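Below: the structure, in structure tokens.
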Amino acid sequence: MNSNQCPKLEKCPIFSNNTLHNEMLGKTYKNLYCLSGPDKYHTCKRYVFSEKYGKGAPENILPNSTLDIHEIAKRMGLTVVG
Ligand code: SF4
């Protein structure tokens, strides 16, 4: 795998076709986050959530979501971890 690629992309719905219902938007996110090296994908809200909670964020959570990861967890009914 290219070291600039997010290690989560194979299972990430942002990387699946039509997840965003907008091909151009999907490409933009991929270029901004998924394929631009660790400095970028480490800032992706989906990536950070997954690292902290050990599961994928809901499909409607975008890489630049304004929601805090703990807020995402609460909305999923998960126990918030420190
Ligand atoms: S959206 Fe985030 S978690 Fe998913 S592949 Fe892109 S950088 Fe990784």
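The chains in the structure tokens are called A, B, ... from first to last as shown; in each chain the residues are counted from 1, and the ligands are counted from 1 in the order shown.
Close contacts of Ser3 in chain A, defined as residues with an atom at most 12 Å away when counting only C-alpha atoms, with chain neighbours fewer than 3 positions off set aside, comprise Cys6, Pro7, Lys8, Cys34, Leu35, Ser36, Gly37, Pro38, Asp39 and Tyr41 of chain A.
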Checklist entry - Would you name the residues within 8 Å of ligand 1, counting only C-alpha atoms and all ligand atoms, and put them as a PyMOL selection string? => result chain A and resi 5-15+29-30+33-35+40-48+50+62-63
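We find CA of Phe49 in chain A and CA of Lys27 in chain A to be spaced 21.3 Å apart.
With distances restricted to only C-alpha atoms, A:Val80 is the closest residue to Asp68 in chain A from A:Gly26, A:Gly54, A:Val80, A:Ser16.
For the atom pair formed by CA of Lys52 in chain A and CA of Ile69 in chain A, the distance is 8.3 Å, given to one decimal.
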